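> What follows is query14.pdb; its format and atoms are PDB, C-alpha atoms, pLDDT in the B column.
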```
MODEL        1
ATOM      1  CA  MET A 302      -2.551 -94.963 -19.778  1.00 96.00           C
ATOM      2  CA  LEU A 303      -0.078 -97.787 -19.334  1.00 97.00           C
ATOM      3  CA  ARG A 304      -1.109-100.771 -17.267  1.00 97.00           C
ATOM      4  CA  LEU A 305       1.722-102.796 -15.743  1.00 96.00           C
ATOM      5  CA  ARG A 306       1.670-105.803 -13.488  1.00 96.00           C
ATOM      6  CA  HIS A 307       3.691-105.494 -10.306  1.00 94.00           C
ATOM      7  CA  ASP A 308       6.052-108.296 -11.369  1.00 95.00           C
ATOM      8  CA  GLN A 309       6.763-106.503 -14.645  1.00 96.00           C
ATOM      9  CA  TRP A 310       7.606-103.336 -12.726  1.00 95.00           C
ATOM     10  CA  LEU A 311       9.995-105.277 -10.481  1.00 95.00           C
ATOM     11  CA  GLN A 312      11.532-106.897 -13.572  1.00 97.00           C
ATOM     12  CA  MET A 313      12.136-103.475 -15.127  1.00 97.00           C
ATOM     13  CA  VAL A 314      13.737-102.094 -11.985  1.00 97.00           C
ATOM     14  CA  GLY A 315      15.865-105.237 -11.652  1.00 97.00           C
ATOM     15  CA  HIS A 316      16.952-104.994 -15.275  1.00 98.00           C
ATOM     16  CA  SER A 317      17.794-101.299 -14.808  1.00 97.00           C
ATOM     17  CA  LEU A 318      19.941-102.082 -11.757  1.00 97.00           C
ATOM     18  CA  ASP A 319      21.581-105.078 -13.422  1.00 97.00           C
ATOM     19  CA  CYS A 320      22.699-102.931 -16.349  1.00 97.00           C
ATOM     20  CA  LEU A 321      24.366-100.224 -14.251  1.00 97.00           C
ATOM     21  CA  PRO A 322      26.452 -98.222 -14.954  1.00 96.00           C
ATOM     22  CA  GLU A 323      24.932 -98.476 -18.415  1.00 97.00           C
ATOM     23  CA  GLU A 324      21.398 -97.583 -19.434  1.00 96.00           C
ATOM     24  CA  ALA A 325      18.976-100.493 -19.619  1.00 97.00           C
ATOM     25  CA  CYS A 326      16.313-100.982 -22.273  1.00 98.00           C
ATOM     26  CA  GLY A 327      13.518-103.342 -23.172  1.00 98.00           C
ATOM     27  CA  LEU A 328      10.359-103.723 -25.179  1.00 98.00           C
ATOM     28  CA  LEU A 329       6.751-103.733 -24.028  1.00 98.00           C
ATOM     29  CA  GLY A 330       4.315-106.123 -25.661  1.00 97.00           C
ATOM     30  CA  GLY A 331       0.627-105.936 -24.972  1.00 97.00           C
ATOM     31  CA  ARG A 332      -2.800-104.809 -26.008  1.00 96.00           C
ATOM     32  CA  ALA A 333      -3.861-101.679 -27.804  1.00 93.00           C
ATOM     33  CA  ASP A 334      -5.607-100.429 -24.632  1.00 95.00           C
ATOM     34  CA  GLY A 335      -2.175 -99.992 -23.021  1.00 96.00           C
ATOM     35  CA  SER A 336      -2.066-103.220 -20.994  1.00 97.00           C
ATOM     36  CA  VAL A 337       1.449-104.661 -20.913  1.00 97.00           C
ATOM     37  CA  GLU A 338       1.400-108.440 -21.158  1.00 96.00           C
ATOM     38  CA  VAL A 339       5.090-109.108 -21.852  1.00 96.00           C
ATOM     39  CA  PHE A 340       8.196-107.200 -20.856  1.00 98.00           C
ATOM     40  CA  ARG A 341      11.247-108.210 -22.892  1.00 98.00           C
ATOM     41  CA  PRO A 342      14.567-107.004 -21.457  1.00 98.00           C
ATOM     42  CA  CYS A 343      16.981-106.231 -24.296  1.00 98.00           C
ATOM     43  CA  ALA A 344      20.714-105.678 -24.518  1.00 98.00           C
ATOM     44  CA  ASN A 345      21.774-102.068 -24.843  1.00 97.00           C
ATOM     45  CA  VAL A 346      23.953-102.328 -27.928  1.00 96.00           C
ATOM     46  CA  ASP A 347      25.358 -98.838 -27.227  1.00 95.00           C
ATOM     47  CA  ARG A 348      26.819-100.136 -23.913  1.00 96.00           C
ATOM     48  CA  SER A 349      26.541 -96.569 -22.643  1.00 95.00           C
ATOM     49  CA  ALA A 350      25.507 -94.725 -19.475  1.00 94.00           C
ATOM     50  CA  ARG A 351      24.041 -91.940 -21.614  1.00 93.00           C
ATOM     51  CA  THR A 352      22.349 -93.625 -24.558  1.00 94.00           C
ATOM     52  CA  TYR A 353      20.653 -96.870 -25.464  1.00 95.00           C
ATOM     53  CA  ALA A 354      19.914 -98.700 -28.675  1.00 96.00           C
ATOM     54  CA  ILE A 355      18.008-101.934 -29.211  1.00 96.00           C
ATOM     55  CA  ASP A 356      19.247-104.440 -31.780  1.00 95.00           C
ATOM     56  CA  GLY A 357      16.785-104.381 -34.674  1.00 94.00           C
ATOM     57  CA  LEU A 358      16.778-108.168 -34.766  1.00 94.00           C
ATOM     58  CA  ASP A 359      15.606-108.283 -31.114  1.00 96.00           C
ATOM     59  CA  LEU A 360      12.707-106.035 -32.098  1.00 95.00           C
ATOM     60  CA  LEU A 361      11.876-108.074 -35.181  1.00 94.00           C
ATOM     61  CA  ARG A 362      11.926-111.377 -33.272  1.00 95.00           C
ATOM     62  CA  PHE A 363       9.827-109.995 -30.415  1.00 96.00           C
ATOM     63  CA  GLU A 364       7.266-108.645 -32.870  1.00 93.00           C
ATOM     64  CA  ARG A 365       7.051-112.011 -34.647  1.00 92.00           C
ATOM     65  CA  GLU A 366       6.669-113.818 -31.328  1.00 95.00           C
ATOM     66  CA  LEU A 367       3.782-111.564 -30.340  1.00 94.00           C
ATOM     67  CA  GLU A 368       2.081-112.024 -33.698  1.00 90.00           C
ATOM     68  CA  THR A 369       2.451-115.786 -33.827  1.00 91.00           C
ATOM     69  CA  GLY A 370       1.181-116.070 -30.242  1.00 89.00           C
ATOM     70  CA  GLY A 371      -2.290-115.494 -31.633  1.00 86.00           C
ATOM     71  CA  GLU A 372      -3.411-113.401 -28.664  1.00 91.00           C
ATOM     72  CA  GLY A 373      -3.604-110.149 -30.565  1.00 90.00           C
ATOM     73  CA  LEU A 374      -0.548-108.702 -28.841  1.00 95.00           C
ATOM     74  CA  GLU A 375       1.620-106.030 -30.408  1.00 93.00           C
ATOM     75  CA  ILE A 376       4.637-103.945 -29.503  1.00 94.00           C
ATOM     76  CA  LEU A 377       3.278-101.181 -27.300  1.00 96.00           C
ATOM     77  CA  GLY A 378       6.448 -99.320 -26.584  1.00 96.00           C
ATOM     78  CA  VAL A 379       9.901 -99.220 -25.123  1.00 97.00           C
ATOM     79  CA  MET A 380      11.345 -98.925 -21.653  1.00 97.00           C
ATOM     80  CA  HIS A 381      14.745 -97.503 -20.867  1.00 97.00           C
ATOM     81  CA  SER A 382      16.555 -96.262 -17.804  1.00 96.00           C
ATOM     82  CA  HIS A 383      18.124 -92.912 -17.076  1.00 95.00           C
ATOM     83  CA  THR A 384      21.041 -93.616 -14.807  1.00 94.00           C
ATOM     84  CA  HIS A 385      21.681 -90.073 -13.610  1.00 92.00           C
ATOM     85  CA  THR A 386      18.809 -87.899 -14.848  1.00 93.00           C
ATOM     86  CA  ASP A 387      15.119 -87.671 -14.059  1.00 94.00           C
ATOM     87  CA  ALA A 388      12.469 -89.849 -15.707  1.00 95.00           C
ATOM     88  CA  TYR A 389      11.694 -87.305 -18.397  1.00 95.00           C
ATOM     89  CA  PRO A 390      12.361 -87.758 -22.129  1.00 95.00           C
ATOM     90  CA  SER A 391      15.622 -86.198 -23.271  1.00 93.00           C
ATOM     91  CA  PRO A 392      15.831 -84.271 -26.571  1.00 92.00           C
ATOM     92  CA  THR A 393      17.313 -87.471 -28.074  1.00 90.00           C
ATOM     93  CA  ASP A 394      14.325 -89.490 -26.827  1.00 92.00           C
ATOM     94  CA  VAL A 395      11.912 -87.012 -28.416  1.00 93.00           C
ATOM     95  CA  GLU A 396      13.781 -86.916 -31.725  1.00 90.00           C
ATOM     96  CA  ARG A 397      13.924 -90.696 -31.993  1.00 89.00           C
ATOM     97  CA  ALA A 398      10.293 -91.135 -30.922  1.00 90.00           C
ATOM     98  CA  ALA A 399       9.172 -89.390 -34.115  1.00 86.00           C
ATOM     99  CA  HIS A 400      10.343 -92.466 -36.016  1.00 86.00           C
ATOM    100  CA  LEU A 401       8.666 -95.029 -33.793  1.00 89.00           C
ATOM    101  CA  GLY A 402       5.018 -94.026 -33.938  1.00 84.00           C
ATOM    102  CA  PRO A 403       2.394 -93.854 -31.208  1.00 89.00           C
ATOM    103  CA  TRP A 404       4.320 -95.934 -28.699  1.00 94.00           C
ATOM    104  CA  HIS A 405       4.402 -95.717 -24.921  1.00 97.00           C
ATOM    105  CA  PHE A 406       7.798 -94.525 -23.673  1.00 97.00           C
ATOM    106  CA  LEU A 407       8.489 -95.719 -20.151  1.00 98.00           C
ATOM    107  CA  ILE A 408      11.531 -94.315 -18.366  1.00 97.00           C
ATOM    108  CA  VAL A 409      12.963 -95.689 -15.118  1.00 97.00           C
ATOM    109  CA  SER A 410      15.149 -93.124 -13.380  1.00 96.00           C
ATOM    110  CA  LEU A 411      17.851 -94.296 -11.006  1.00 96.00           C
ATOM    111  CA  ARG A 412      18.872 -90.772 -10.117  1.00 94.00           C
ATOM    112  CA  HIS A 413      17.463 -91.005  -6.603  1.00 94.00           C
ATOM    113  CA  PRO A 414      17.756 -93.800  -4.022  1.00 91.00           C
ATOM    114  CA  GLU A 415      14.264 -95.072  -4.941  1.00 94.00           C
ATOM    115  CA  PRO A 416      13.692 -95.885  -8.634  1.00 96.00           C
ATOM    116  CA  VAL A 417      11.094 -93.674 -10.294  1.00 96.00           C
ATOM    117  CA  ALA A 418       9.100 -94.697 -13.385  1.00 95.00           C
ATOM    118  CA  ARG A 419       7.093 -92.430 -15.645  1.00 97.00           C
ATOM    119  CA  SER A 420       5.449 -93.116 -18.961  1.00 98.00           C
ATOM    120  CA  TYR A 421       4.903 -90.780 -21.901  1.00 98.00           C
ATOM    121  CA  ARG A 422       3.284 -90.495 -25.290  1.00 97.00           C
ATOM    122  CA  ILE A 423       5.425 -88.478 -27.686  1.00 95.00           C
ATOM    123  CA  LEU A 424       3.613 -87.363 -30.815  1.00 91.00           C
ATOM    124  CA  GLY A 425       4.718 -84.660 -33.217  1.00 87.00           C
ATOM    125  CA  GLY A 426       7.474 -83.644 -30.812  1.00 90.00           C
ATOM    126  CA  GLN A 427       4.973 -83.079 -28.000  1.00 94.00           C
ATOM    127  CA  VAL A 428       5.595 -84.947 -24.768  1.00 96.00           C
ATOM    128  CA  ASP A 429       2.565 -85.932 -22.690  1.00 97.00           C
ATOM    129  CA  GLU A 430       2.883 -87.896 -19.500  1.00 97.00           C
ATOM    130  CA  GLU A 431       0.360 -90.679 -19.008  1.00 98.00           C
ATOM    131  CA  PRO A 432      -0.634 -92.477 -15.825  1.00 98.00           C
ATOM    132  CA  ILE A 433       0.887 -95.842 -15.000  1.00 97.00           C
ATOM    133  CA  ILE A 434      -1.603 -98.216 -13.418  1.00 97.00           C
ATOM    134  CA  LEU A 435       0.190-100.836 -11.353  1.00 94.00           C
ATOM    135  CA  ALA A 436      -1.886-103.989 -11.120  1.00 89.00           C
ATOM    136  CA  PRO A 437      -1.320-106.908  -8.748  1.00 82.00           C
ATOM    137  CA  ILE A 438       0.396-110.029 -10.101  1.00 74.00           C
TER     138      ILE A 438
ATOM    139  CA  MET B 165      10.716-110.152 -59.124  1.00 78.00           C
ATOM    140  CA  SER B 166       8.353-109.762 -56.206  1.00 90.00           C
ATOM    141  CA  VAL B 167       9.374-110.133 -52.579  1.00 94.00           C
ATOM    142  CA  SER B 168       7.555-109.777 -49.299  1.00 95.00           C
ATOM    143  CA  VAL B 169       8.351-106.665 -47.263  1.00 97.00           C
ATOM    144  CA  ARG B 170       7.470-106.378 -43.601  1.00 95.00           C
ATOM    145  CA  LEU B 171       6.660-102.836 -42.489  1.00 94.00           C
ATOM    146  CA  PRO B 172       7.170-101.278 -39.059  1.00 90.00           C
ATOM    147  CA  THR B 173       4.133-100.050 -37.127  1.00 86.00           C
ATOM    148  CA  ILE B 174       4.772 -96.411 -37.961  1.00 86.00           C
ATOM    149  CA  LEU B 175       4.579 -97.037 -41.714  1.00 90.00           C
ATOM    150  CA  ARG B 176       1.453 -99.178 -41.718  1.00 91.00           C
ATOM    151  CA  PRO B 177      -1.027 -96.277 -41.789  1.00 90.00           C
ATOM    152  CA  GLN B 178       0.731 -95.072 -44.950  1.00 90.00           C
ATOM    153  CA  ALA B 179       0.304 -98.529 -46.508  1.00 93.00           C
ATOM    154  CA  GLY B 180      -3.411 -99.031 -45.949  1.00 92.00           C
ATOM    155  CA  GLY B 181      -2.835-100.606 -42.543  1.00 92.00           C
ATOM    156  CA  LEU B 182      -0.895-103.551 -43.968  1.00 94.00           C
ATOM    157  CA  SER B 183       1.956-105.079 -41.984  1.00 91.00           C
ATOM    158  CA  GLU B 184       3.329-106.892 -45.007  1.00 94.00           C
ATOM    159  CA  ILE B 185       3.319-105.873 -48.661  1.00 96.00           C
ATOM    160  CA  SER B 186       4.778-107.102 -51.954  1.00 95.00           C
ATOM    161  CA  ALA B 187       7.394-105.045 -53.742  1.00 96.00           C
ATOM    162  CA  GLU B 188       9.360-105.471 -56.942  1.00 95.00           C
ATOM    163  CA  GLY B 189      13.114-105.315 -57.378  1.00 95.00           C
ATOM    164  CA  GLY B 190      16.336-107.257 -57.591  1.00 95.00           C
ATOM    165  CA  THR B 191      18.249-105.354 -54.897  1.00 96.00           C
ATOM    166  CA  VAL B 192      17.407-103.927 -51.479  1.00 96.00           C
ATOM    167  CA  GLY B 193      17.585-100.403 -52.934  1.00 95.00           C
ATOM    168  CA  GLU B 194      15.201-101.217 -55.786  1.00 96.00           C
ATOM    169  CA  ILE B 195      12.738-102.804 -53.396  1.00 96.00           C
ATOM    170  CA  VAL B 196      12.835 -99.855 -50.979  1.00 96.00           C
ATOM    171  CA  ASP B 197      12.300 -97.536 -53.949  1.00 96.00           C
ATOM    172  CA  ASP B 198       9.292 -99.612 -55.006  1.00 96.00           C
ATOM    173  CA  VAL B 199       7.827 -99.396 -51.482  1.00 96.00           C
ATOM    174  CA  VAL B 200       8.143 -95.605 -51.686  1.00 96.00           C
ATOM    175  CA  ARG B 201       6.644 -95.620 -55.198  1.00 96.00           C
ATOM    176  CA  GLN B 202       3.627 -97.600 -54.001  1.00 96.00           C
ATOM    177  CA  PHE B 203       3.233 -95.701 -50.753  1.00 96.00           C
ATOM    178  CA  PRO B 204       4.716 -92.209 -51.066  1.00 95.00           C
ATOM    179  CA  GLY B 205       3.861 -91.434 -47.437  1.00 93.00           C
ATOM    180  CA  THR B 206       6.671 -93.784 -46.367  1.00 93.00           C
ATOM    181  CA  ALA B 207       9.391 -91.730 -48.070  1.00 93.00           C
ATOM    182  CA  SER B 208      10.280 -89.455 -45.159  1.00 90.00           C
ATOM    183  CA  HIS B 209      10.845 -92.466 -42.896  1.00 90.00           C
ATOM    184  CA  LEU B 210      12.711 -94.627 -45.396  1.00 93.00           C
ATOM    185  CA  LYS B 211      14.885 -92.314 -47.427  1.00 91.00           C
ATOM    186  CA  ALA B 212      17.677 -89.968 -46.405  1.00 91.00           C
ATOM    187  CA  PRO B 213      18.068 -86.680 -48.304  1.00 89.00           C
ATOM    188  CA  ASP B 214      21.052 -88.180 -50.176  1.00 89.00           C
ATOM    189  CA  GLY B 215      18.873 -91.033 -51.481  1.00 85.00           C
ATOM    190  CA  GLY B 216      20.289 -93.618 -49.074  1.00 87.00           C
ATOM    191  CA  LEU B 217      18.442 -95.352 -46.285  1.00 90.00           C
ATOM    192  CA  HIS B 218      17.196 -93.162 -43.449  1.00 91.00           C
ATOM    193  CA  ARG B 219      19.578 -93.491 -40.508  1.00 88.00           C
ATOM    194  CA  PHE B 220      16.744 -94.357 -38.103  1.00 90.00           C
ATOM    195  CA  VAL B 221      15.739 -97.416 -40.120  1.00 93.00           C
ATOM    196  CA  ASN B 222      17.307-100.849 -40.377  1.00 94.00           C
ATOM    197  CA  VAL B 223      16.592-103.317 -43.152  1.00 96.00           C
ATOM    198  CA  TYR B 224      16.926-107.056 -42.685  1.00 97.00           C
ATOM    199  CA  LEU B 225      17.129-109.595 -45.471  1.00 96.00           C
ATOM    200  CA  ASN B 226      16.013-112.885 -43.923  1.00 92.00           C
ATOM    201  CA  ASP B 227      17.286-111.737 -40.507  1.00 92.00           C
ATOM    202  CA  GLU B 228      20.605-110.392 -41.848  1.00 94.00           C
ATOM    203  CA  ASP B 229      21.197-106.668 -41.431  1.00 95.00           C
ATOM    204  CA  VAL B 230      21.808-105.410 -44.977  1.00 95.00           C
ATOM    205  CA  ARG B 231      24.438-102.969 -43.679  1.00 91.00           C
ATOM    206  CA  TYR B 232      26.641-106.032 -43.131  1.00 93.00           C
ATOM    207  CA  LEU B 233      25.780-107.459 -46.546  1.00 94.00           C
ATOM    208  CA  GLY B 234      25.950-105.046 -49.444  1.00 92.00           C
ATOM    209  CA  GLY B 235      23.758-102.200 -48.215  1.00 92.00           C
ATOM    210  CA  LEU B 236      21.264-100.995 -50.808  1.00 93.00           C
ATOM    211  CA  GLU B 237      23.160-102.940 -53.494  1.00 95.00           C
ATOM    212  CA  THR B 238      22.494-106.267 -51.754  1.00 96.00           C
ATOM    213  CA  PRO B 239      20.871-108.687 -54.234  1.00 96.00           C
ATOM    214  CA  VAL B 240      17.528-110.050 -53.037  1.00 96.00           C
ATOM    215  CA  PRO B 241      16.732-113.608 -54.131  1.00 92.00           C
ATOM    216  CA  ALA B 242      13.228-114.688 -55.074  1.00 87.00           C
ATOM    217  CA  GLY B 243      11.146-115.708 -52.102  1.00 87.00           C
ATOM    218  CA  ALA B 244      13.207-113.696 -49.644  1.00 91.00           C
ATOM    219  CA  GLN B 245      11.664-111.597 -46.939  1.00 93.00           C
ATOM    220  CA  LEU B 246      12.779-108.042 -46.368  1.00 96.00           C
ATOM    221  CA  SER B 247      11.948-106.495 -42.997  1.00 97.00           C
ATOM    222  CA  ILE B 248      12.046-102.780 -42.335  1.00 96.00           C
ATOM    223  CA  VAL B 249      12.640-102.183 -38.646  1.00 94.00           C
ATOM    224  CA  PRO B 250      12.840 -98.879 -36.778  1.00 92.00           C
ATOM    225  CA  ALA B 251      16.097 -98.101 -35.001  1.00 92.00           C
ATOM    226  CA  VAL B 252      14.936 -97.917 -31.382  1.00 94.00           C
ATOM    227  CA  ALA B 253      17.292 -95.671 -29.462  1.00 94.00           C
ATOM    228  CA  GLY B 254      17.515 -92.684 -27.165  1.00 92.00           C
ATOM    229  CA  GLY B 255      18.770 -92.063 -23.686  1.00 87.00           C
ATOM    230  CA  GLY B 256      19.222 -89.670 -20.825  1.00 77.00           C
ATOM    231  CA  GLY B 257      22.084 -87.848 -22.522  1.00 69.00           C
TER     232      GLY B 257
ENDMDL
END
```
Could you rewrite the structure in this file as structure tokens?

Amino acid sequence: MLRLRHDQWLQMVGHSLDCLPEEACGLLGGRADGSVEVFRPCANVDRSARTYAIDGLDLLRFERELETGGEGLEILGVMHSHTHTDAYPSPTDVERAAHLGPWHFLIVSLRHPEPVARSYRILGGQVDEEPIILAPI
Amino acid sequence: MSVSVRLPTILRPQAGGLSEISAEGGTVGEIVDDVVRQFPGTASHLKAPDGGLHRFVNVYLNDEDVRYLGGLETPVPAGAQLSIVPAVAGGGG
């Protein structure tokens, strides 16, 4: 389960739209129970409509920030947008997930007029969708 | 010479749950090899079949990507911090 606040959801959709025609990406910081406390929009260093990559230094700095905050927050996962496909992990997403660990993988699809978000756990190549709980601000 | 090495989340279970460890070596390559020697479970994430760094991993020496320094040959001064960071990427294809 991934718990998002409504403002974080709006921020993710806004970031996804702002990055068009390229894919957007960002990092999710939060608690081990799946509650997102911080969404960090990141630059897509691929500058591509078909792929994304996050600068390793952005990840490192975000992780340090969460740790030094003293609130027990950690990197929970990654968000990215699919500009022209559904919100389902691509073969590339699944391959790369094997090197990221038990993260939450949130995908915002802009394929249809209304943005669609889905979240997944990807372990051992197996993709399992998880519910997104949208909480008020 | 011992330096501090920060591990990514995925490697921590292979290193007794530690986020930071000490490793010995004078270059990035020697230090990565020492991490693998201490924690063999990290090998498949850190090393490519040709002995180089795995392509899904980035290594930072005090916030400098070692690919833009000297790669695995980059000398590591005493007291430096090496950070191993996963390459986060993917996309709709």
> Could you name the residues that touch Gly373 of chain A at 12 Å or less, counting only C-alpha atoms, but leaving out those on the same chain fewer than 3 positions away, as JSON, numbers by chain?
{"A": [330, 331, 332, 333, 334, 336, 338, 364, 365, 366, 367, 368, 369, 370, 376, 377]}
> Running the PyMOL selection byres ((chain A and resi 383-389) around 9) on this model by hand, what would come out? Give it as a PDB file with C-alpha atoms, in the frame of the given file.

```
ATOM      1  CA  SER A 317      17.794-101.299 -14.808  1.00 97.00           C
ATOM      2  CA  LEU A 321      24.366-100.224 -14.251  1.00 97.00           C
ATOM      3  CA  PRO A 322      26.452 -98.222 -14.954  1.00 96.00           C
ATOM      4  CA  GLU A 323      24.932 -98.476 -18.415  1.00 97.00           C
ATOM      5  CA  GLU A 324      21.398 -97.583 -19.434  1.00 96.00           C
ATOM      6  CA  ALA A 325      18.976-100.493 -19.619  1.00 97.00           C
ATOM      7  CA  ALA A 350      25.507 -94.725 -19.475  1.00 94.00           C
ATOM      8  CA  ARG A 351      24.041 -91.940 -21.614  1.00 93.00           C
ATOM      9  CA  THR A 352      22.349 -93.625 -24.558  1.00 94.00           C
ATOM     10  CA  HIS A 381      14.745 -97.503 -20.867  1.00 97.00           C
ATOM     11  CA  SER A 382      16.555 -96.262 -17.804  1.00 96.00           C
ATOM     12  CA  PRO A 390      12.361 -87.758 -22.129  1.00 95.00           C
ATOM     13  CA  SER A 391      15.622 -86.198 -23.271  1.00 93.00           C
ATOM     14  CA  LEU A 407       8.489 -95.719 -20.151  1.00 98.00           C
ATOM     15  CA  ILE A 408      11.531 -94.315 -18.366  1.00 97.00           C
ATOM     16  CA  VAL A 409      12.963 -95.689 -15.118  1.00 97.00           C
ATOM     17  CA  SER A 410      15.149 -93.124 -13.380  1.00 96.00           C
ATOM     18  CA  LEU A 411      17.851 -94.296 -11.006  1.00 96.00           C
ATOM     19  CA  ARG A 412      18.872 -90.772 -10.117  1.00 94.00           C
ATOM     20  CA  HIS A 413      17.463 -91.005  -6.603  1.00 94.00           C
ATOM     21  CA  VAL A 417      11.094 -93.674 -10.294  1.00 96.00           C
ATOM     22  CA  ALA A 418       9.100 -94.697 -13.385  1.00 95.00           C
ATOM     23  CA  ARG A 419       7.093 -92.430 -15.645  1.00 97.00           C
ATOM     24  CA  SER A 420       5.449 -93.116 -18.961  1.00 98.00           C
ATOM     25  CA  TYR A 421       4.903 -90.780 -21.901  1.00 98.00           C
ATOM     26  CA  GLU A 430       2.883 -87.896 -19.500  1.00 97.00           C
TER      27      GLU A 430
ATOM     28  CA  GLY B 255      18.770 -92.063 -23.686  1.00 87.00           C
ATOM     29  CA  GLY B 256      19.222 -89.670 -20.825  1.00 77.00           C
ATOM     30  CA  GLY B 257      22.084 -87.848 -22.522  1.00 69.00           C
TER      31      GLY B 257
END
```
> Could you tell me which of A:Val339, A:Ile434, A:Val395, A:Val428 comes closest to chain B if we count only C-alpha atoms?
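Nearest candidate to chain B out of A:Val339, A:Ile434, A:Val395, A:Val428: A:Val395.
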> Between A:Arg304, A:His316, A:His400, A:Arg348, single out the one closest to chain B, counting only C-alpha atoms.
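Going through A:Arg304, A:His316, A:His400, A:Arg348 one by one, the smallest distance to chain B is for A:His400.
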> Could you give me, as a ChimeraX atom specification, the residues within 12 Å of Pro241 of chain B, counting only C-alpha atoms and dropping anything in the same chain fewer than 6 positions from it?
/B:165-168,188-192,195,225-226
> The selected residues should be written to file as a CSV table (one decimal), keeping the file's coordinate frame (atoms: C-alpha atoms).

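The resulting file, part-v9.csv, is shown below:
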```csv
chain,number,residue,atom,x,y,z
B,165,MET,CA,10.7,-110.2,-59.1
B,166,SER,CA,8.4,-109.8,-56.2
B,167,VAL,CA,9.4,-110.1,-52.6
B,168,SER,CA,7.6,-109.8,-49.3
B,188,GLU,CA,9.4,-105.5,-56.9
B,189,GLY,CA,13.1,-105.3,-57.4
B,190,GLY,CA,16.3,-107.3,-57.6
B,191,THR,CA,18.2,-105.4,-54.9
B,192,VAL,CA,17.4,-103.9,-51.5
B,195,ILE,CA,12.7,-102.8,-53.4
B,225,LEU,CA,17.1,-109.6,-45.5
B,226,ASN,CA,16.0,-112.9,-43.9
```
> Looking at only C-alpha atoms, which of A:Pro342, A:Gly335, A:Gly371, A:Pro392 is the one that sits closest to chain B?
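Smallest separation from chain B among the options: A:Pro392.
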> I would like the residues chosen by the PyMOL selection byres ((chain B) within 12 of (chain A)) on the shown file; could you give them as a PyMOL selection string?
chain B and resi 170-178+183+206+208-210+218-231+246-257
> Take atom CA of Pro432 of chain A and atom CA of Glu415 of chain A and report the distance between them in Å, one decimal.
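Value for the atom CA of Pro432 of chain A-atom CA of Glu415 of chain A distance: 18.6 Å.
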> Write out as a VMD selection string the residues lying within 10 Å of Ala179 of chain B, counting all atoms listed in the file and excluding same-chain residues fewer than 6 positions away.
chain B and resid 171 185 199 to 200 202 to 206
> Kindly give the distance, in Å, that separates atom CA of Thr238 of chain B and atom CA of Ala212 of chain B, rounded to a single decimal.
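So the answer is 17.8 Å.
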> Give me, please, the distance in Å between atom CA of Ala207 of chain B and atom CA of Gly193 of chain B, quoted to one decimal.
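Atom-to-atom, atom CA of Ala207 of chain B and atom CA of Gly193 of chain B are spaced 12.9 Å apart.
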> From the options B:Pro213, B:Val169, B:Val196, B:Ala187, which residue's atoms come nearest to Glu237 of chain B, counting all atoms listed in the file?
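Of B:Pro213, B:Val169, B:Val196, B:Ala187, the one nearest Glu237 of chain B is B:Val196, counting all atoms listed in the file.
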> Name the closest residue to Leu236 of chain B among the candidates B:Gly180, B:Ser186, B:Arg201, B:Lys211; distances are taken between atoms, counting only C-alpha atoms.
B:Lys211
